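To be precise, the following lines are my_file.cif, and they hold mmCIF, C-alpha atoms and all ligand atoms.
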```
data_entry
loop_
_atom_site.label_atom_id
_atom_site.label_comp_id
_atom_site.auth_asym_id
_atom_site.auth_seq_id
_atom_site.Cartn_x
_atom_site.Cartn_y
_atom_site.Cartn_z
CA MET A 1 -3.79 -16.42 -16.75
CA GLY A 2 -4.42 -12.67 -17.13
CA LYS A 3 -3.10 -10.03 -14.81
CA HIS A 4 -5.10 -9.54 -11.66
CA TRP A 5 -5.17 -6.85 -8.96
CA ALA A 6 -4.38 -9.64 -6.50
CA ASP A 7 -0.93 -10.01 -8.11
CA PHE A 8 0.18 -7.01 -6.02
CA GLN A 9 0.87 -9.49 -3.25
CA TYR A 10 3.37 -11.40 -5.41
CA GLU A 11 5.05 -8.12 -6.33
CA ILE A 12 5.47 -7.38 -2.63
CA TYR A 13 6.85 -10.84 -1.85
CA LEU A 14 9.22 -10.71 -4.84
CA ASN A 15 10.53 -7.29 -3.82
CA GLY A 16 11.04 -8.80 -0.40
CA MET A 17 13.74 -11.07 -1.85
CA THR A 18 15.96 -7.97 -2.06
CA GLY A 19 15.09 -7.09 1.51
CA ALA A 20 12.43 -4.47 0.66
CA VAL A 21 9.13 -4.29 2.50
CA PRO A 22 6.19 -1.96 1.76
CA ARG A 23 6.68 1.61 3.03
CA LEU A 24 3.16 1.68 4.44
CA PRO A 25 1.09 -1.01 6.16
CA THR A 26 -0.98 -3.27 3.91
CA ASP A 27 -3.69 -3.41 6.59
CA LEU A 28 -5.16 -0.01 5.75
CA THR A 29 -6.98 0.25 9.08
CA ARG A 30 -3.54 1.04 10.58
CA LEU A 31 -3.03 4.21 8.52
CA GLU A 32 -5.04 6.47 10.80
CA GLU A 33 -2.88 5.77 13.83
CA LEU A 34 0.33 6.25 11.82
CA THR A 35 -0.95 9.57 10.51
CA GLU A 36 -1.84 10.65 14.05
CA GLN A 37 1.78 9.94 15.03
CA ARG A 38 3.47 11.61 12.08
CA LEU A 39 1.43 14.65 11.05
CA GLY A 40 0.50 17.83 12.91
CA PRO A 41 -2.55 17.93 15.19
CA GLY A 42 -4.45 20.50 13.10
CA PRO A 43 -4.41 18.61 9.78
CA VAL A 44 -4.83 15.19 11.41
CA GLY A 45 -7.75 16.41 13.50
CA TYR A 46 -9.38 17.88 10.42
CA VAL A 47 -9.12 14.62 8.46
CA ALA A 48 -9.68 12.03 11.18
CA GLY A 49 -12.29 14.05 13.05
CA SER A 50 -16.04 13.62 12.81
CA ALA A 51 -19.19 15.34 13.96
CA GLY A 52 -19.99 15.40 17.68
CA ASN A 53 -18.52 12.60 19.72
CA GLY A 54 -17.76 10.53 16.62
CA SER A 55 -20.73 8.19 17.02
CA THR A 56 -21.65 8.20 13.33
CA ALA A 57 -18.13 7.39 12.18
CA ARG A 58 -18.07 4.48 14.64
CA ALA A 59 -21.51 3.33 13.52
CA ASN A 60 -20.30 3.34 9.90
CA ARG A 61 -17.57 0.90 10.80
CA ALA A 62 -19.80 -1.21 13.04
CA ALA A 63 -22.46 -1.58 10.32
CA LEU A 64 -19.87 -2.96 7.92
CA GLU A 65 -18.19 -5.12 10.57
CA ARG A 66 -21.52 -6.60 11.65
CA ARG A 67 -22.12 -8.00 8.17
CA ARG A 68 -20.13 -11.12 7.43
CA ILE A 69 -19.34 -12.70 4.09
CA VAL A 70 -20.33 -16.33 3.50
CA PRO A 71 -17.73 -17.68 1.03
CA ARG A 72 -18.78 -20.20 -1.62
CA MET A 73 -16.51 -22.95 -2.99
CA LEU A 74 -15.67 -24.66 -6.31
CA ARG A 75 -16.92 -21.89 -8.60
CA ASP A 76 -13.98 -21.39 -11.04
CA VAL A 77 -12.44 -18.08 -10.03
CA ARG A 78 -9.23 -18.47 -12.02
CA GLU A 79 -9.94 -15.62 -14.47
CA ARG A 80 -11.39 -12.55 -12.82
CA ASP A 81 -12.43 -9.11 -13.96
CA LEU A 82 -13.18 -6.26 -11.56
CA SER A 83 -14.22 -3.78 -14.24
CA VAL A 84 -17.69 -2.25 -14.09
CA GLU A 85 -19.72 0.26 -16.03
CA VAL A 86 -20.89 3.13 -13.86
CA LEU A 87 -22.99 6.01 -15.24
CA GLY A 88 -21.95 5.05 -18.74
CA ARG A 89 -18.25 5.18 -17.83
CA ALA A 90 -16.03 2.09 -18.09
CA LEU A 91 -14.18 1.78 -14.78
CA PRO A 92 -11.33 -0.63 -13.96
CA ALA A 93 -12.95 -1.53 -10.64
CA PRO A 94 -15.97 -0.52 -8.53
CA LEU A 95 -13.93 2.19 -6.77
CA ALA A 96 -13.41 5.95 -6.95
CA LEU A 97 -11.49 8.37 -4.75
CA ALA A 98 -14.02 10.44 -2.78
CA PRO A 99 -13.99 14.23 -2.98
CA VAL A 100 -11.89 15.51 -0.09
CA GLY A 101 -11.15 19.22 0.22
CA VAL A 102 -7.94 21.00 1.21
CA LEU A 103 -5.50 18.19 0.51
CA SER A 104 -2.55 20.59 0.74
CA ILE A 105 -2.81 20.33 4.53
CA MET A 106 -1.72 16.70 4.14
CA HIS A 107 0.98 17.03 1.47
CA PRO A 108 2.35 19.87 -0.66
CA ASP A 109 1.56 17.93 -3.87
CA ALA A 110 -2.07 17.80 -2.70
CA GLU A 111 -4.85 17.03 -5.21
CA SER A 112 -2.50 16.68 -8.19
CA ALA A 113 -0.64 13.83 -6.47
CA ALA A 114 -3.84 11.99 -5.55
CA ALA A 115 -5.25 12.52 -9.05
CA ARG A 116 -2.07 11.18 -10.65
CA ALA A 117 -2.17 8.12 -8.42
CA ALA A 118 -5.77 7.42 -9.44
CA ALA A 119 -4.88 7.87 -13.11
CA ALA A 120 -1.92 5.49 -12.73
CA ALA A 121 -4.21 2.83 -11.20
CA GLN A 122 -5.76 2.09 -14.60
CA GLY A 123 -7.92 5.20 -14.37
CA VAL A 124 -9.76 4.79 -11.08
CA PRO A 125 -11.90 7.98 -11.08
CA PHE A 126 -10.66 10.89 -9.04
CA VAL A 127 -13.50 13.02 -7.69
CA LEU A 128 -12.22 16.58 -7.25
CA SER A 129 -13.76 18.62 -4.44
CA SER A 130 -15.04 22.16 -4.97
CA ALA A 131 -12.96 22.93 -1.89
CA SER A 132 -9.68 21.68 -3.36
CA SER A 133 -6.46 23.52 -2.69
CA THR A 134 -5.57 23.30 -6.41
CA PRO A 135 -7.66 24.85 -9.21
CA MET A 136 -9.60 22.27 -11.19
CA GLU A 137 -7.79 23.07 -14.46
CA GLN A 138 -4.42 22.31 -12.88
CA VAL A 139 -5.64 18.96 -11.52
CA ALA A 140 -7.07 18.11 -14.93
CA GLU A 141 -3.73 18.87 -16.51
CA ALA A 142 -1.97 16.51 -14.10
CA MET A 143 -4.32 13.69 -15.15
CA GLY A 144 -4.05 13.69 -18.95
CA ASP A 145 -7.27 12.18 -20.20
CA ALA A 146 -7.82 9.92 -17.18
CA GLU A 147 -11.29 9.63 -15.65
CA ARG A 148 -12.24 12.54 -13.39
CA TRP A 149 -15.48 13.66 -11.78
CA PHE A 150 -16.27 17.04 -10.22
CA GLN A 151 -17.93 17.48 -6.83
CA LEU A 152 -20.02 20.61 -6.42
CA TYR A 153 -20.65 22.41 -3.19
CA TRP A 154 -23.62 24.26 -4.56
CA PRO A 155 -22.82 27.94 -3.97
CA ARG A 156 -25.38 30.56 -3.14
CA ASP A 157 -24.49 32.66 -6.21
CA PRO A 158 -25.91 30.94 -9.33
CA GLU A 159 -23.33 32.67 -11.53
CA VAL A 160 -20.52 31.04 -9.56
CA ALA A 161 -22.31 27.68 -9.77
CA ARG A 162 -22.73 28.06 -13.53
CA SER A 163 -19.12 29.12 -13.93
CA PHE A 164 -17.87 26.09 -11.93
CA LEU A 165 -19.93 23.75 -14.13
CA ASN A 166 -18.65 25.36 -17.33
CA ARG A 167 -15.05 25.19 -16.13
CA ALA A 168 -15.42 21.57 -15.02
CA ARG A 169 -16.86 20.52 -18.34
CA ALA A 170 -14.14 22.37 -20.26
CA ALA A 171 -11.49 20.67 -18.09
CA GLY A 172 -12.77 17.20 -18.95
CA PHE A 173 -14.69 16.25 -15.79
CA SER A 174 -17.35 13.75 -16.89
CA VAL A 175 -19.69 13.21 -13.92
CA LEU A 176 -21.10 15.88 -11.59
CA VAL A 177 -21.35 14.87 -7.93
CA VAL A 178 -23.51 17.31 -5.96
CA THR A 179 -23.04 17.11 -2.20
CA LEU A 180 -26.29 17.78 -0.36
CA ASP A 181 -25.33 17.04 3.23
CA THR A 182 -23.26 20.16 3.90
CA PRO A 183 -25.57 23.18 3.78
CA LEU A 184 -23.85 24.16 7.03
CA LEU A 185 -20.59 23.14 8.63
CA ALA A 186 -21.27 20.60 11.35
CA TRP A 187 -20.24 20.66 15.03
CA ARG A 188 -16.74 19.16 14.87
CA PRO A 189 -15.06 19.16 18.27
CA ARG A 190 -11.57 18.19 17.08
CA ASP A 191 -11.48 21.28 14.85
CA LEU A 192 -13.29 23.47 17.36
CA ASP A 193 -10.92 22.57 20.19
CA GLN A 194 -7.97 23.73 18.08
CA ALA A 195 -9.90 26.55 16.37
CA TYR A 196 -8.63 25.01 13.13
CA LEU A 197 -10.40 25.87 9.87
CA PRO A 198 -8.05 26.10 6.87
CA PHE A 199 -10.55 27.96 4.67
CA LEU A 200 -10.22 31.06 6.86
CA HIS A 201 -6.58 31.18 5.81
CA GLY A 202 -7.49 30.93 2.14
CA VAL A 203 -6.58 27.23 1.94
CA GLY A 204 -9.14 25.14 0.06
CA THR A 205 -10.50 28.14 -1.82
CA ALA A 206 -8.50 27.77 -5.05
CA ASN A 207 -11.49 27.11 -7.31
CA TYR A 208 -13.27 30.18 -5.94
CA PHE A 209 -10.36 32.61 -5.94
CA SER A 210 -9.54 31.65 -9.54
CA ASP A 211 -13.14 31.99 -10.71
CA PRO A 212 -14.17 35.02 -12.81
CA ALA A 213 -17.77 34.98 -11.48
CA PHE A 214 -16.49 34.84 -7.89
CA GLN A 215 -13.96 37.60 -8.55
CA ALA A 216 -16.73 39.76 -10.03
CA GLY A 217 -18.27 39.94 -6.54
CA LEU A 218 -15.10 41.41 -4.96
CA ALA A 219 -14.28 45.11 -4.61
CA LYS A 220 -10.54 44.42 -4.95
CA PRO A 221 -8.55 41.54 -6.48
CA VAL A 222 -7.96 38.57 -4.15
CA HIS A 223 -4.25 39.33 -3.64
CA GLU A 224 -5.00 42.94 -2.66
CA ASP A 225 -7.56 42.02 -0.01
CA PRO A 226 -7.37 38.33 0.83
CA ASN A 227 -9.50 38.71 3.97
CA ALA A 228 -12.38 40.17 2.00
CA ALA A 229 -12.06 37.27 -0.47
CA VAL A 230 -12.24 34.76 2.38
CA MET A 231 -15.32 36.47 3.80
CA HIS A 232 -16.96 36.47 0.38
CA PHE A 233 -16.22 32.74 0.16
CA VAL A 234 -17.68 32.08 3.61
CA GLY A 235 -20.87 33.87 2.63
CA MET A 236 -21.45 31.95 -0.57
CA PHE A 237 -19.87 28.53 -0.06
CA ALA A 238 -23.15 26.81 0.79
CA ASP A 239 -26.85 27.57 0.63
CA PRO A 240 -29.09 26.09 3.34
CA ALA A 241 -32.19 27.48 1.59
CA LYS A 242 -32.03 25.07 -1.37
CA THR A 243 -34.92 22.63 -1.99
CA TRP A 244 -35.67 19.81 -4.45
CA PRO A 245 -37.11 22.01 -7.26
CA ASP A 246 -33.74 23.83 -7.42
CA LEU A 247 -32.21 20.70 -8.98
CA ALA A 248 -33.69 21.82 -12.30
CA PHE A 249 -30.92 24.45 -12.45
CA LEU A 250 -28.26 21.74 -12.39
CA ARG A 251 -30.03 19.62 -14.98
CA GLU A 252 -30.16 22.69 -17.27
CA ASN A 253 -26.50 23.51 -16.78
CA TRP A 254 -24.85 20.07 -16.89
CA ASP A 255 -25.42 17.69 -19.76
CA GLY A 256 -23.56 14.69 -18.30
CA PRO A 257 -24.55 12.37 -15.47
CA ILE A 258 -25.50 14.00 -12.12
CA VAL A 259 -25.17 12.15 -8.84
CA LEU A 260 -26.49 13.41 -5.49
CA LYS A 261 -24.15 12.68 -2.60
CA GLY A 262 -25.34 12.36 0.96
CA VAL A 263 -28.66 10.58 0.42
CA LEU A 264 -29.70 8.30 3.30
CA HIS A 265 -33.51 8.11 3.12
CA PRO A 266 -35.30 6.05 0.43
CA ASP A 267 -37.77 8.91 -0.14
CA ASP A 268 -34.93 11.33 -0.88
CA ALA A 269 -33.58 8.80 -3.36
CA ARG A 270 -37.01 8.60 -5.01
CA GLN A 271 -37.10 12.40 -5.23
CA ALA A 272 -33.67 12.34 -6.86
CA ALA A 273 -34.98 9.96 -9.51
CA ASP A 274 -38.11 12.08 -10.03
CA ALA A 275 -35.88 15.15 -10.51
CA GLY A 276 -34.07 13.47 -13.40
CA MET A 277 -30.87 12.71 -11.55
CA ASP A 278 -28.72 9.76 -12.63
CA GLY A 279 -27.49 8.45 -9.32
CA VAL A 280 -27.03 8.88 -5.59
CA VAL A 281 -24.15 8.33 -3.23
CA VAL A 282 -25.46 6.79 -0.03
CA SER A 283 -23.17 8.59 2.39
CA ASN A 284 -23.12 10.41 5.71
CA HIS A 285 -19.94 12.26 4.78
CA GLY A 286 -17.82 9.81 6.73
CA GLY A 287 -19.71 10.69 9.91
CA ARG A 288 -18.65 14.33 9.68
CA GLN A 289 -22.05 16.01 9.47
CA VAL A 290 -24.76 14.50 11.70
CA ALA A 291 -23.64 12.83 14.92
CA GLY A 292 -26.10 10.11 15.88
CA SER A 293 -26.96 9.51 12.21
CA VAL A 294 -27.91 6.19 10.69
CA ALA A 295 -24.84 4.24 9.59
CA ALA A 296 -24.35 4.56 5.84
CA ALA A 297 -24.22 0.78 5.36
CA ASP A 298 -27.54 0.42 7.18
CA ALA A 299 -29.14 3.03 4.90
CA LEU A 300 -27.72 1.46 1.73
CA PRO A 301 -29.99 -1.59 1.23
CA ARG A 302 -33.12 0.51 1.82
CA VAL A 303 -32.07 3.07 -0.78
CA ALA A 304 -31.01 0.35 -3.24
CA ASP A 305 -34.38 -1.38 -2.80
CA ALA A 306 -36.22 1.90 -3.40
CA VAL A 307 -34.39 3.14 -6.52
CA GLY A 308 -31.88 0.52 -7.63
CA ASP A 309 -33.75 0.04 -10.90
CA ARG A 310 -33.97 3.80 -11.63
CA LEU A 311 -30.67 5.19 -10.38
CA THR A 312 -27.04 4.23 -10.07
CA VAL A 313 -26.47 3.69 -6.36
CA LEU A 314 -22.98 4.45 -5.07
CA PHE A 315 -21.75 4.27 -1.49
CA ASP A 316 -19.19 5.75 0.89
CA SER A 317 -18.53 6.25 4.60
CA GLY A 318 -16.50 3.67 6.45
CA ILE A 319 -14.79 1.77 3.62
CA ARG A 320 -11.35 0.75 4.86
CA THR A 321 -10.61 -2.65 3.27
CA GLY A 322 -11.31 -4.77 0.23
CA ASP A 323 -13.85 -6.85 2.08
CA ASP A 324 -15.71 -3.65 3.01
CA ILE A 325 -16.07 -2.94 -0.72
CA PHE A 326 -17.39 -6.47 -1.25
CA LYS A 327 -19.98 -5.93 1.49
CA ALA A 328 -21.13 -2.60 0.05
CA LEU A 329 -21.63 -4.22 -3.35
CA ALA A 330 -23.59 -7.03 -1.71
CA LEU A 331 -25.79 -4.43 0.01
CA GLY A 332 -26.70 -2.88 -3.34
CA ALA A 333 -23.97 -0.43 -4.34
CA ARG A 334 -22.68 -0.38 -7.89
CA ALA A 335 -19.36 1.07 -6.75
CA VAL A 336 -17.86 2.74 -3.69
CA LEU A 337 -15.91 5.88 -2.90
CA VAL A 338 -13.08 5.78 -0.40
CA GLY A 339 -12.20 8.87 1.63
CA ARG A 340 -9.84 8.99 4.59
CA PRO A 341 -7.62 5.98 3.73
CA TYR A 342 -6.27 7.59 0.56
CA VAL A 343 -5.88 10.91 2.35
CA TYR A 344 -3.75 9.20 5.01
CA GLY A 345 -1.75 7.56 2.20
CA LEU A 346 -1.17 11.01 0.71
CA GLY A 347 -0.15 12.48 4.06
CA LEU A 348 2.27 9.66 4.81
CA ASP A 349 3.90 9.18 1.40
CA GLY A 350 2.51 11.55 -1.24
CA ARG A 351 1.49 10.14 -4.60
CA PRO A 352 3.06 6.67 -3.95
CA GLY A 353 1.09 6.53 -0.71
CA VAL A 354 -2.18 7.02 -2.57
CA GLU A 355 -1.19 4.40 -5.14
CA HIS A 356 -0.39 2.03 -2.30
CA VAL A 357 -3.85 2.51 -0.82
CA ILE A 358 -5.62 1.95 -4.14
CA ARG A 359 -3.58 -1.15 -4.96
CA CYS A 360 -4.05 -2.65 -1.48
CA LEU A 361 -7.81 -2.05 -1.59
CA LEU A 362 -8.19 -3.59 -5.03
CA ALA A 363 -5.85 -6.53 -4.35
CA GLU A 364 -7.84 -7.30 -1.23
CA LEU A 365 -11.14 -6.89 -3.07
CA ASP A 366 -9.93 -9.18 -5.88
CA LEU A 367 -8.88 -11.83 -3.36
CA THR A 368 -12.08 -11.50 -1.34
CA LEU A 369 -14.06 -11.94 -4.53
CA ALA A 370 -12.08 -15.00 -5.59
CA LEU A 371 -11.98 -16.62 -2.17
CA SER A 372 -15.73 -16.10 -1.78
CA GLY A 373 -16.54 -17.73 -5.12
CA HIS A 374 -16.94 -14.76 -7.49
CA ALA A 375 -15.12 -13.91 -10.71
CA THR A 376 -16.77 -10.50 -11.24
CA PRO A 377 -18.48 -7.90 -9.04
CA GLY A 378 -21.69 -8.48 -10.98
CA THR A 379 -22.49 -11.78 -9.26
CA ILE A 380 -22.21 -10.42 -5.70
CA GLY A 381 -25.57 -10.06 -3.95
CA PRO A 382 -27.38 -9.99 -0.61
CA ALA A 383 -27.12 -13.80 -0.35
CA ASP A 384 -23.36 -13.44 0.14
CA LEU A 385 -23.82 -11.78 3.56
CA VAL A 386 -25.20 -12.69 6.94
CA GLU A 387 -25.65 -10.36 9.89
CA ASP A 388 -23.56 -11.21 12.88
CA PRO A 389 -25.95 -11.11 15.85
CA ALA A 390 -23.14 -10.32 18.28
C1 LIG A 401 -14.52 14.94 3.18
N1 LIG A 401 -15.68 14.73 2.41
C2 LIG A 401 -16.03 15.65 1.46
N2 LIG A 401 -17.13 15.44 0.68
C3 LIG A 401 -17.45 16.30 -0.29
O1 LIG A 401 -18.43 16.08 -0.99
N3 LIG A 401 -16.68 17.42 -0.52
C4 LIG A 401 -15.59 17.70 0.23
O2 LIG A 401 -14.90 18.69 0.01
C5 LIG A 401 -15.26 16.83 1.29
N4 LIG A 401 -14.19 17.08 2.10
C6 LIG A 401 -13.81 16.14 3.02
C7 LIG A 401 -12.66 16.37 3.77
C8 LIG A 401 -12.20 15.39 4.65
C9 LIG A 401 -10.94 15.64 5.41
C10 LIG A 401 -12.89 14.16 4.76
C11 LIG A 401 -12.38 13.05 5.64
C12 LIG A 401 -14.05 13.96 4.04
C13 LIG A 401 -16.45 13.48 2.55
C14 LIG A 401 -15.91 12.41 1.61
O3 LIG A 401 -16.21 12.71 0.27
C15 LIG A 401 -16.54 11.04 1.91
O4 LIG A 401 -17.94 11.15 1.94
C16 LIG A 401 -16.07 10.47 3.25
O5 LIG A 401 -14.71 10.72 3.47
C17 LIG A 401 -16.32 8.97 3.24
O6 LIG A 401 -16.04 8.41 4.44
P1 LIG A 401 -14.64 7.69 4.80
O7 LIG A 401 -14.23 6.84 3.60
O8 LIG A 401 -13.66 8.80 5.07
O9 LIG A 401 -15.00 6.91 5.99
#
```
As C-alpha cells - that is how I would like this structure written.
Amino acid sequence: MGKHWADFQYEIYLNGMTGAVPRLPTDLTRLEELTEQRLGPGPVGYVAGSAGNGSTARANRAALERRRIVPRMLRDVRERDLSVEVLGRALPAPLALAPVGVLSIMHPDAESAAARAAAAAQGVPFVLSSASSTPMEQVAEAMGDAERWFQLYWPRDPEVARSFLNRARAAGFSVLVVTLDTPLLAWRPRDLDQAYLPFLHGVGTANYFSDPAFQAGLAKPVHEDPNAAVMHFVGMFADPAKTWPDLAFLRENWDGPIVLKGVLHPDDARQAADAGMDGVVVSNHGGRQVAGSVAAADALPRVADAVGDRLTVLFDSGIRTGDDIFKALALGARAVLVGRPYVYGLGLDGRPGVEHVIRCLLAELDLTLALSGHATPGTIGPADLVEDPA
C-alpha cells in the first residue's frame, strides 16, 4: 500500500509511544482561540478580525457547516491519490496557502517560514501576497524550485504593476492571482478600535520599498524618509477606478495563467472568461471586505455552473478542516486556498506550525475521501452532499 496523507495519524500515535503528543491541536478549529490567548491583541485582531460585525465570516462557516456529506460504502478506497492538475500545474493535493499579507506580525520568520512549510509538504503552492513583509525574491530563494504563485494588489501606477510582474516571473512565480475585492480597505472594527494598521509603520511594504519603479516616485530614498515612502505606498496600493477592460494590461504583461480572486457573482465570472482569464477564486476575502456579503460557499456552485467548463474555479473563505475541503470540491471547486488556519499555525509555532496545519488538513481530507467512498478528488460531486435543513 502506497504512502497516504492519512498516515500522519499513525505517525502521531507512534510518537505517542515515547510520550510525545502534537504541539498544536489536530482539530484546527481550536487554533484561533489559542492564538487569541498567546499573541498580542494587535496582530491577533488583524488576523482574526473581519469586516463589520463579522457576519460574513460567520456566514462562510455556516454555509459549509450546513452542507453535509453522504458517505458511500464498499467502493475500494485502499489506494488513494489526492494529486490534481490545476492551471496546468501538477499539485500534490487540491490545496494552496492563500495570500496573506504582513506575516511578520505573527512570527519573525514570516513568509519564508510559511513558504518553506508549503514546499516541504510535497510542494503545496504558496501564494505570496503583494503586501508581504519579505521581498518576493527572498521568499523565492527560501523555496528552491517549489511551486509558488504571486498575488497582485493591482497598484495605481502601471510601472509598479509591470515591475512587480517582471520581478515575480524572474523569481519563479508561475501563476498570477489578482485580487479584485480590495479596491479600498474595508470597515474593520477590531483594527479600528486599536487603531492598528501595520502598513503605516512600513510593515507589509517590502515588495514596494524594494521596487525600482516604486522608488522612482520618491524624492528621497526610503531609509532617508520612511514616512514619505509609506504615504506614497498608501496612495498607490489600490485603484478603485479599475474596470473590466483594464484586464487587457495584465494579459499583455503576464504570459502564465491569471486567476481573479474575489469573484462571487456568476456574471463577473463570465466576464473573467470573456477577458481571457484562466480562473477565478470564489472568495469574500475571509469575510474581511463586505459585511453582510453572500457566503463564499453559497456563491461557489452558481459560479461553477456558469463558468466551470471555461475557467478553473478555485475557492476560499471559511475552510478550516479536511471535510470543508471535500465540501468545496463537491460544490464545484477544483482546489481550495486556506487562509487563517496556517497563519495561526505560523503564529503559534513558526514553520513547524504551518506544516502541522497542512498535514492535518490533508490527512483529514484523505480520510474524509476514503471514508466517504472516494479514492481521488476527481470523483467528488454535488451528489455527495445534502443540505441540512436545520
Ligand atoms: C488576507 N487575505 C488576503 N488576500 C489577498 O489577496 N492578499 C492579501 O494580502 C491578503 N491578506 C490577508 C491578511 C489576513 C490577516 C487574512 C486573514 C486574509 C485573504 C486571504 O487570501 C483569503 O481570501 C482568506 O483568508 C480566506 O479565508 P479564511 O481561510 O481565512 O477563512
Just the residues within 8 Å of Asn60 in chain A, please, counting all atoms listed in the file, with nothing from its chain fewer than 4 positions along; format it as a list in words. Thr56, Leu64, Gly286, Gly287, Ala295, Ala296, Ala297, Ser317 and Gly318 of chain A
Do you know which residues are within 9 Å of ligand LIG 401 (chain A) using all atoms listed in the file? Can you write them as an MDAnalysis selection string? chainID A and resid 43:50 57 60:61 97:103 127:132 151:153 177:182 204 261:262 281:288 315:320 337:343
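For Ala299 in chain A, the residues within 7 Å (counting only C-alpha atoms, excluding itself and residues fewer than 5 positions away along the chain) are Leu264, His265 and Val294 of chain A.
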Please identify all polymer residues within 10 Å of His107 in chain A, counting only C-alpha atoms, omitting same-chain residues fewer than 3 positions from it, and present them as a compact mmCIF listing (two decimals) with C-alpha atoms, in the coordinates of the input.
```
# COMPACT_ATOMS: atom_id res chain seq x y z
CA LEU A 39 1.43 14.65 11.05
CA VAL A 102 -7.94 21.00 1.21
CA LEU A 103 -5.50 18.19 0.51
CA SER A 104 -2.55 20.59 0.74
CA ALA A 110 -2.07 17.80 -2.70
CA GLU A 111 -4.85 17.03 -5.21
CA ALA A 113 -0.64 13.83 -6.47
CA ALA A 114 -3.84 11.99 -5.55
CA VAL A 343 -5.88 10.91 2.35
CA TYR A 344 -3.75 9.20 5.01
CA GLY A 345 -1.75 7.56 2.20
CA LEU A 346 -1.17 11.01 0.71
CA GLY A 347 -0.15 12.48 4.06
CA LEU A 348 2.27 9.66 4.81
CA ASP A 349 3.90 9.18 1.40
CA GLY A 350 2.51 11.55 -1.24
CA ARG A 351 1.49 10.14 -4.60
```
With only C-alpha atoms as the counted atoms, please give the residues lying no more than 8 Å from range 275-277 of chain A, apart from itself and same-chain residues fewer than 3 positions off, as an mmCIF file with C-alpha atoms, keeping the file's coordinate frame.
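Full text of result37.cif as output:
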```cif
data_model
loop_
_atom_site.group_PDB
_atom_site.id
_atom_site.type_symbol
_atom_site.label_atom_id
_atom_site.label_comp_id
_atom_site.auth_asym_id
_atom_site.auth_seq_id
_atom_site.Cartn_x
_atom_site.Cartn_y
_atom_site.Cartn_z
ATOM 1 C CA TRP A 244 -35.670 19.810 -4.450
ATOM 2 C CA PRO A 245 -37.110 22.010 -7.260
ATOM 3 C CA LEU A 247 -32.210 20.700 -8.980
ATOM 4 C CA ALA A 248 -33.690 21.820 -12.300
ATOM 5 C CA ARG A 251 -30.030 19.620 -14.980
ATOM 6 C CA PRO A 257 -24.550 12.370 -15.470
ATOM 7 C CA ILE A 258 -25.500 14.000 -12.120
ATOM 8 C CA VAL A 259 -25.170 12.150 -8.840
ATOM 9 C CA LEU A 260 -26.490 13.410 -5.490
ATOM 10 C CA GLN A 271 -37.100 12.400 -5.230
ATOM 11 C CA ALA A 272 -33.670 12.340 -6.860
ATOM 12 C CA LEU A 311 -30.670 5.190 -10.380
#
```
Check the smallest atom-to-atom distance from each of A:Asp157, A:Asp268, A:Leu14, A:Phe249 to Ala216 in chain A using only C-alpha atoms, then report the winner. A:Asp157
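Compared by their closest atoms to Thr35 in chain A, and using all atoms listed in the file, the residues A:Ala370, A:Ala213, A:Met106, A:Ile358 rank with A:Met106 nearest.
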Counting all atoms listed in the file, find residues at most 7 Å from (-7.4, 17.2, 17.3) (file frame) and give them as a PyMOL selection string. chain A and resi 41-42+44-45+190-191+194
Could you take the residues named above and write them with C-alpha atoms, as a PDB file, in the coordinates of the input?
```
ATOM      1  CA  PRO A  41      -2.550  17.930  15.190  1.00  0.00           C
ATOM      2  CA  GLY A  42      -4.450  20.500  13.100  1.00  0.00           C
ATOM      3  CA  VAL A  44      -4.830  15.190  11.410  1.00  0.00           C
ATOM      4  CA  GLY A  45      -7.750  16.410  13.500  1.00  0.00           C
ATOM      5  CA  ARG A 190     -11.570  18.190  17.080  1.00  0.00           C
ATOM      6  CA  ASP A 191     -11.480  21.280  14.850  1.00  0.00           C
ATOM      7  CA  GLN A 194      -7.970  23.730  18.080  1.00  0.00           C
TER       8      GLN A 194
END
```
Shortest interatomic distance to Thr312 in chain A - which of A:Asp366, A:Asp278, A:Glu65, A:Asp7, counting only C-alpha atoms: A:Asp278
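Compared by their closest atoms to Asp255 in chain A, and using all atoms listed in the file, the residues A:Phe233, A:Asp309, A:Tyr208, A:Asn166 rank with A:Asn166 nearest.
Of the residues under consideration (A:Ala328, A:Val290, A:Ile380, A:Arg68), A:Val290 shows the shortest atom-to-atom contact distance to Trp187 in chain A when counting only C-alpha atoms.
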Quick one: of A:Val86, A:Ala291, A:Val234, A:Val303, who's nearest to Ser55 in chain A, counting all atoms listed in the file? A:Ala291
For Ala229 in chain A, list every protein, DNA or RNA residue within 10 Å, evaluated using all atoms listed in the file, and leave out those in the same chain fewer than 2 positions away; present the list as a PDB file with C-alpha atoms, keeping the file's coordinate frame.
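Output (selection.pdb):
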```pdb
ATOM      1  CA  LEU A 200     -10.220  31.060   6.860  1.00  0.00           C
ATOM      2  CA  GLY A 202      -7.490  30.930   2.140  1.00  0.00           C
ATOM      3  CA  THR A 205     -10.500  28.140  -1.820  1.00  0.00           C
ATOM      4  CA  TYR A 208     -13.270  30.180  -5.940  1.00  0.00           C
ATOM      5  CA  PHE A 209     -10.360  32.610  -5.940  1.00  0.00           C
ATOM      6  CA  PHE A 214     -16.490  34.840  -7.890  1.00  0.00           C
ATOM      7  CA  GLN A 215     -13.960  37.600  -8.550  1.00  0.00           C
ATOM      8  CA  GLY A 217     -18.270  39.940  -6.540  1.00  0.00           C
ATOM      9  CA  LEU A 218     -15.100  41.410  -4.960  1.00  0.00           C
ATOM     10  CA  ALA A 219     -14.280  45.110  -4.610  1.00  0.00           C
ATOM     11  CA  LYS A 220     -10.540  44.420  -4.950  1.00  0.00           C
ATOM     12  CA  PRO A 221      -8.550  41.540  -6.480  1.00  0.00           C
ATOM     13  CA  VAL A 222      -7.960  38.570  -4.150  1.00  0.00           C
ATOM     14  CA  HIS A 223      -4.250  39.330  -3.640  1.00  0.00           C
ATOM     15  CA  GLU A 224      -5.000  42.940  -2.660  1.00  0.00           C
ATOM     16  CA  ASP A 225      -7.560  42.020  -0.010  1.00  0.00           C
ATOM     17  CA  PRO A 226      -7.370  38.330   0.830  1.00  0.00           C
ATOM     18  CA  ASN A 227      -9.500  38.710   3.970  1.00  0.00           C
ATOM     19  CA  MET A 231     -15.320  36.470   3.800  1.00  0.00           C
ATOM     20  CA  HIS A 232     -16.960  36.470   0.380  1.00  0.00           C
ATOM     21  CA  PHE A 233     -16.220  32.740   0.160  1.00  0.00           C
ATOM     22  CA  VAL A 234     -17.680  32.080   3.610  1.00  0.00           C
ATOM     23  CA  GLY A 235     -20.870  33.870   2.630  1.00  0.00           C
TER      24      GLY A 235
END
```
